[in-house]
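Reproduced below: work-v7.cif, with mmCIF, C-alpha atoms.
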data_structure
#
loop_
_atom_site.label_atom_id
_atom_site.label_comp_id
_atom_site.auth_asym_id
_atom_site.auth_seq_id
_atom_site.Cartn_x
_atom_site.Cartn_y
_atom_site.Cartn_z
CA MET A 1 113.79 111.57 137.22
CA PRO A 2 112.38 108.10 137.80
CA ASP A 3 112.23 105.78 134.83
CA ALA A 4 108.57 105.33 133.99
CA SER A 5 109.13 103.46 130.73
CA GLY A 6 108.23 100.17 132.40
CA LEU A 7 104.65 101.37 132.69
CA CYS A 8 104.09 100.89 128.95
CA PRO A 9 106.55 98.31 127.69
CA THR A 10 104.93 98.19 124.25
CA LEU A 11 105.75 101.85 123.75
CA ALA A 12 109.49 101.56 124.26
CA PRO A 13 110.47 99.97 120.89
CA ALA A 14 108.34 102.37 118.85
CA ARG A 15 109.59 105.39 120.71
CA ALA A 16 113.20 104.22 120.53
CA ASN A 17 112.91 103.81 116.76
CA TYR A 18 111.25 107.21 116.48
CA TYR A 19 114.08 108.91 118.33
CA ARG A 20 116.67 106.99 116.33
CA GLN A 21 115.16 108.45 113.18
CA LEU A 22 115.14 111.93 114.73
CA VAL A 23 118.84 111.60 115.50
CA ARG A 24 119.47 110.65 111.87
CA LEU A 25 117.48 113.63 110.63
CA ARG A 26 119.47 115.87 112.92
CA GLY A 27 122.51 114.97 110.85
CA VAL A 28 121.15 117.06 107.97
CA ASP A 29 122.24 120.23 109.75
CA PRO A 30 123.48 119.47 113.26
CA VAL A 31 124.40 123.08 114.10
CA THR A 32 121.01 124.53 113.25
CA THR A 33 119.26 121.60 114.88
CA GLU A 34 121.21 122.05 118.09
CA LEU A 35 120.51 125.78 118.17
CA VAL A 36 116.81 125.12 117.68
CA ARG A 37 116.86 122.44 120.37
CA ILE A 38 118.47 124.75 122.89
CA ARG A 39 116.19 127.66 122.00
CA ASN A 40 113.13 125.46 122.25
CA GLY A 41 114.29 124.07 125.55
CA ARG A 42 114.65 127.56 126.99
CA PHE A 43 111.29 128.57 125.58
CA GLN A 44 109.66 125.56 127.20
CA GLU A 45 111.72 126.06 130.36
CA CYS A 46 112.96 122.52 129.92
CA HIS A 47 116.39 122.45 131.46
CA LEU A 48 117.06 118.74 131.13
CA MET H 49 99.65 121.65 100.27
CA THR H 50 103.18 121.52 101.56
CA TRP H 51 105.63 124.25 100.73
CA VAL H 52 108.50 121.75 100.78
CA ARG H 53 110.11 121.79 97.40
CA ASP H 54 111.44 119.06 95.15
CA LEU H 55 109.32 116.28 96.57
CA PRO H 56 108.49 113.37 94.27
CA ASP H 57 105.02 113.08 92.84
CA ALA H 58 102.80 111.12 95.19
CA ALA H 59 99.16 110.77 96.15
CA THR H 60 99.58 113.00 99.23
CA ASP H 61 102.12 115.35 100.77
CA TRP H 62 102.89 112.75 103.42
CA ASP H 63 103.37 110.02 100.84
CA ALA H 64 105.87 112.28 99.10
CA VAL H 65 107.71 112.92 102.36
CA ALA H 66 107.68 109.19 103.06
CA GLU H 67 109.33 108.53 99.71
CA VAL H 68 112.16 110.87 100.63
CA LEU H 69 112.39 109.79 104.29
CA PRO H 70 110.89 106.30 104.43
CA ASP H 71 112.41 105.21 107.72
CA ALA H 72 111.38 108.41 109.50
CA ALA H 73 107.85 108.26 108.10
CA ALA H 74 107.53 104.62 109.10
CA ALA H 75 108.74 105.46 112.61
CA VAL H 76 106.10 108.18 112.94
CA ALA H 77 103.38 105.80 111.80
CA GLU H 78 104.61 103.05 114.13
CA LEU H 79 104.70 105.41 117.09
CA HIS H 80 101.18 106.64 116.44
CA ARG H 81 99.73 103.19 115.88
CA THR H 82 101.32 102.20 119.18
CA VAL H 83 100.09 105.15 121.25
CA TRP H 84 96.53 104.45 120.13
CA THR H 85 96.77 101.16 122.03
CA LEU H 86 97.92 102.69 125.31
CA ALA H 87 94.69 104.15 126.64
CA ASP H 88 90.95 104.34 126.06
CA PRO H 89 90.56 105.38 122.41
CA VAL H 90 87.66 107.68 123.32
CA LEU H 91 89.88 109.63 125.70
CA LEU H 92 92.65 109.75 123.14
CA GLU H 93 90.32 110.91 120.40
CA LEU H 94 88.83 113.65 122.56
CA ALA H 95 92.34 114.82 123.38
CA ARG H 96 93.48 114.65 119.77
CA LEU H 97 90.51 116.62 118.50
CA ARG H 98 90.83 119.20 121.27
CA LEU H 99 94.48 119.75 120.35
CA ALA H 100 93.58 120.02 116.68
CA THR H 101 90.91 122.58 117.48
CA LEU H 102 93.26 124.72 119.55
CA LEU H 103 95.99 124.48 116.92
CA HIS H 104 93.53 125.07 114.05
CA PHE H 105 94.76 121.85 112.50
CA GLN H 106 91.96 121.31 109.99
CA PRO H 107 93.44 118.19 108.36
CA GLY H 108 93.31 116.47 111.74
CA LEU H 109 89.76 117.60 112.38
CA ARG H 110 88.69 115.94 109.15
CA LEU H 111 89.66 112.55 110.57
CA ARG H 112 88.24 110.26 113.21
CA SER H 113 89.54 107.34 115.20
CA GLY H 114 87.76 104.17 114.14
CA ALA H 115 88.49 102.66 117.53
CA ALA H 116 86.85 105.60 119.30
CA ARG H 117 83.84 105.39 117.01
CA ALA H 118 83.54 101.69 117.70
CA ALA H 119 83.71 102.46 121.41
CA GLY H 120 80.73 104.80 121.08
CA LEU H 121 82.16 108.26 120.56
CA GLY H 122 79.62 110.05 118.37
CA GLU H 123 79.62 113.28 116.44
CA ASP H 124 77.13 114.83 118.85
CA LYS H 125 79.74 114.74 121.58
CA ILE H 126 82.55 115.83 119.30
CA ALA H 127 80.47 118.79 118.14
CA VAL H 128 80.40 120.22 121.68
CA LEU H 129 83.95 119.32 122.67
CA SER H 130 84.81 122.99 123.15
CA SER H 131 82.28 123.00 125.98
CA TRP H 132 83.94 120.09 127.76
CA PRO H 133 84.26 121.92 131.12
CA THR H 134 80.51 122.34 131.47
CA SER H 135 78.68 120.08 129.01
CA PRO H 136 76.84 117.20 130.67
CA LEU H 137 77.88 114.99 127.77
CA PHE H 138 81.37 114.63 129.26
CA SER H 139 82.19 112.48 132.22
CA ALA H 140 84.53 113.51 134.99
CA ARG H 141 87.03 111.04 133.54
CA GLU H 142 86.86 112.65 130.13
CA ARG H 143 87.06 116.16 131.57
CA ALA H 144 90.15 115.32 133.57
CA CYS H 145 91.92 113.90 130.53
CA VAL H 146 90.97 116.73 128.21
CA ALA H 147 92.04 119.25 130.86
CA LEU H 148 95.46 117.63 131.08
CA ALA H 149 95.83 117.48 127.31
CA GLU H 150 94.80 121.09 126.92
CA GLN H 151 97.24 122.33 129.53
CA PHE H 152 99.99 120.16 128.06
CA LEU H 153 99.47 121.89 124.74
CA LEU H 154 99.16 125.41 126.04
CA ASP H 155 102.05 125.24 128.50
CA ALA H 156 103.56 121.97 129.67
CA ASN H 157 105.04 123.79 132.66
CA GLY H 158 101.49 124.49 133.75
CA VAL H 159 100.64 120.82 134.15
CA THR H 160 100.15 120.66 137.88
CA ASP H 161 100.14 117.72 140.25
CA ARG H 162 96.44 118.43 140.66
CA LEU H 163 95.73 117.97 136.96
CA VAL H 164 97.61 114.68 136.94
CA ALA H 165 95.96 113.53 140.16
CA ASP H 166 92.55 114.19 138.61
CA VAL H 167 93.47 111.86 135.76
CA LEU H 168 94.87 109.24 138.13
CA ASP H 169 91.50 109.24 139.90
CA HIS H 170 90.21 107.52 136.76
CA LEU H 171 93.19 105.94 135.01
CA SER H 172 95.88 103.62 136.22
CA PRO H 173 99.43 104.96 136.28
CA ALA H 174 100.18 102.94 133.15
CA GLU H 175 97.13 104.33 131.36
CA CYS H 176 98.00 107.85 132.44
CA TYR H 177 101.56 107.42 131.23
CA GLY H 178 100.28 106.07 127.94
CA PHE H 179 97.78 108.91 127.64
CA VAL H 180 100.44 111.57 128.16
CA ASN H 181 102.74 109.92 125.64
CA ALA H 182 99.89 109.82 123.14
CA VAL H 183 99.10 113.50 123.70
CA SER H 184 102.76 114.31 123.18
CA ALA H 185 102.78 112.37 119.93
CA PHE H 186 99.58 114.06 118.75
CA GLU H 187 100.93 117.51 119.50
CA THR H 188 104.24 116.88 117.76
CA LEU H 189 102.55 115.54 114.65
CA GLN H 190 100.01 118.34 114.48
CA ARG H 191 102.54 121.11 114.97
CA GLY H 192 104.93 119.49 112.51
CA SER H 193 102.20 119.06 109.93
CA LEU H 194 101.09 122.66 110.33
CA THR H 195 104.66 123.87 109.94
CA LEU H 196 105.21 121.78 106.83
CA GLY H 197 101.77 122.49 105.42
CA LEU H 198 100.88 118.79 105.16
CA ASP H 199 97.35 118.18 103.98
CA PRO H 200 95.90 115.65 104.38
CA SER H 201 97.29 114.83 107.79
CA PRO H 202 99.70 111.88 108.02
CA GLU H 203 97.10 110.44 110.39
CA ALA H 204 95.02 109.58 107.33
CA GLY H 205 97.22 106.50 107.20
CA TRP H 206 95.70 105.12 110.41
CA LEU H 207 92.52 107.13 111.04
CA GLU H 208 89.25 107.39 109.09
CA PRO H 209 87.59 110.29 107.31
CA ALA H 210 85.24 112.21 109.59
CA GLU H 211 82.56 112.29 106.93
CA PRO H 212 81.61 109.16 105.02
CA ALA H 213 82.34 109.36 101.32
CA THR H 214 79.34 110.76 99.42
CA PRO H 215 78.15 108.25 96.82
CA PRO H 216 78.01 109.72 93.32
CA GLU H 217 74.59 111.00 92.27
CA SER H 218 72.68 108.76 89.93
CA THR H 219 72.63 110.12 86.39
CA GLY H 220 70.60 107.31 84.85
CA ALA H 221 67.67 108.37 82.69
CA PRO H 222 64.19 107.26 83.81
CA ASP H 223 62.73 104.19 82.06
#
In structure tokens, what does this structure look like?
Amino acid sequence: MPDASGLCPTLAPARANYYRQLVRLRGVDPVTTELVRIRNGRFQECHL
Amino acid sequence: MTWVRDLPDAATDWDAVAEVLPDAAAAVAELHRTVWTLADPVLLELARLRLATLLHFQPGLRLRSGAARAAGLGEDKIAVLSSWPTSPLFSARERACVALAEQFLLDANGVTDRLVADVLDHLSPAECYGFVNAVSAFETLQRGSLTLGLDPSPEAGWLEPAEPATPPESTGAPD
């Protein structure tokens, strides 16, 4: 997929920080989190 | 009120969550403050309120964007938002954006090239990209808040109450 992040350069730092925090939260229970992520991806038909 | 247990005492559910997860809460607030700068606040507010209506997210419906208000979005228009496909109060630009936001919420796989093209008829690619990112952020926050039972919405940290505060009734005795 093409990288569209350059369209809104002011968004990148905030979104990067947001996802960093999500990764940290995932550490609470990585197994359950991963199962939920996969299940949600299938539900949304998001195969990335 | 949130069902999450063992939170510290705080003014709101979100404040309590922020005490436990300060960096995460700050990241959410930073992301939302940022997305509100990426597109026309009126379009963003219409999208946010439409999502909140469809999700039955009452805490979000009790808030308003100050930027959208300042840009002219009034309660008369918000009151008929559910009629956006046909109401003359909505421009083609607004209809295209609300249509995209609505489809994004209902089924992201149903967002067609046509829906996006309709938005790009009115917004630049950068504005469209910003709009979609904002809608994504709104949806995530609303669904998360509903799941956690957060009331008021975390958005109260950067949005305004929908209704102005009612001044206390005068109880002074007549002279």
Inset, instruction - Check what the PyMOL selection byres ((chain H and resi 182) around 8) selects in the file above and give those residues as a PyMOL selection string. - result: chain H and resi 80+83-84+86+92+178-181+183-186
Can you list every residue of chain H that has an atom at most 10 Å from chain A, with its nearest atom pair and the distance in Å to one decimal, using all atoms listed in the file, ordered by chain then number, as a tab-separated table?
residue	atom	partner	partner_atom	distance
H:Leu69	CA	A:Leu25	CA	9.0
H:Pro70	CA	A:Gln21	CA	10.0
H:Asp71	CA	A:Gln21	CA	6.9
H:Ala72	CA	A:Gln21	CA	5.3
H:Ala73	CA	A:Gln21	CA	8.9
H:Ala74	CA	A:Tyr18	CA	8.7
H:Ala75	CA	A:Tyr18	CA	4.9
H:Val76	CA	A:Tyr18	CA	6.3
H:Ala77	CA	A:Tyr18	CA	9.3
H:Glu78	CA	A:Ala14	CA	6.1
H:Leu79	CA	A:Ala14	CA	5.1
H:His80	CA	A:Ala14	CA	8.7
H:Arg81	CA	A:Ala14	CA	9.1
H:Thr82	CA	A:Leu11	CA	6.4
H:Val83	CA	A:Leu11	CA	7.0
H:Thr85	CA	A:Thr10	CA	9.0
H:Leu86	CA	A:Cys8	CA	7.4
H:Asp155	CA	A:Gln44	CA	7.7
H:Ala156	CA	A:Gln44	CA	7.5
H:Asn157	CA	A:Gln44	CA	7.4
H:Ser172	CA	A:Leu7	CA	9.7
H:Pro173	CA	A:Leu7	CA	7.3
H:Ala174	CA	A:Leu7	CA	4.8
H:Glu175	CA	A:Cys8	CA	8.1
H:Cys176	CA	A:Leu7	CA	9.3
H:Tyr177	CA	A:Leu7	CA	6.9
H:Gly178	CA	A:Cys8	CA	6.5
H:Asn181	CA	A:Leu11	CA	8.8
H:Ala182	CA	A:Leu11	CA	9.9
H:Ala185	CA	A:Arg15	CA	9.8
Hits from the PyMOL selection byres ((chain H and resi 55) around 10), listed as a PDB file with C-alpha atoms, in the coordinates of the input:
ATOM      1  CA  THR H  50     103.180 121.520 101.560  1.00  0.00           C
ATOM      2  CA  TRP H  51     105.630 124.250 100.730  1.00  0.00           C
ATOM      3  CA  VAL H  52     108.500 121.750 100.780  1.00  0.00           C
ATOM      4  CA  ARG H  53     110.110 121.790  97.400  1.00  0.00           C
ATOM      5  CA  ASP H  54     111.440 119.060  95.150  1.00  0.00           C
ATOM      6  CA  PRO H  56     108.490 113.370  94.270  1.00  0.00           C
ATOM      7  CA  ASP H  57     105.020 113.080  92.840  1.00  0.00           C
ATOM      8  CA  ALA H  58     102.800 111.120  95.190  1.00  0.00           C
ATOM      9  CA  ASP H  61     102.120 115.350 100.770  1.00  0.00           C
ATOM     10  CA  ASP H  63     103.370 110.020 100.840  1.00  0.00           C
ATOM     11  CA  ALA H  64     105.870 112.280  99.100  1.00  0.00           C
ATOM     12  CA  VAL H  65     107.710 112.920 102.360  1.00  0.00           C
ATOM     13  CA  ALA H  66     107.680 109.190 103.060  1.00  0.00           C
ATOM     14  CA  GLU H  67     109.330 108.530  99.710  1.00  0.00           C
ATOM     15  CA  VAL H  68     112.160 110.870 100.630  1.00  0.00           C
TER      16      VAL H  68
END
Legend entry - Gap from atom CA of H:Gln151 to atom CA of H:Ala119 - Å, one decimal: 25.4 Å
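What separates atom CA of H:Asp169 from atom CA of H:Gly122 is a distance of 24.6 Å.
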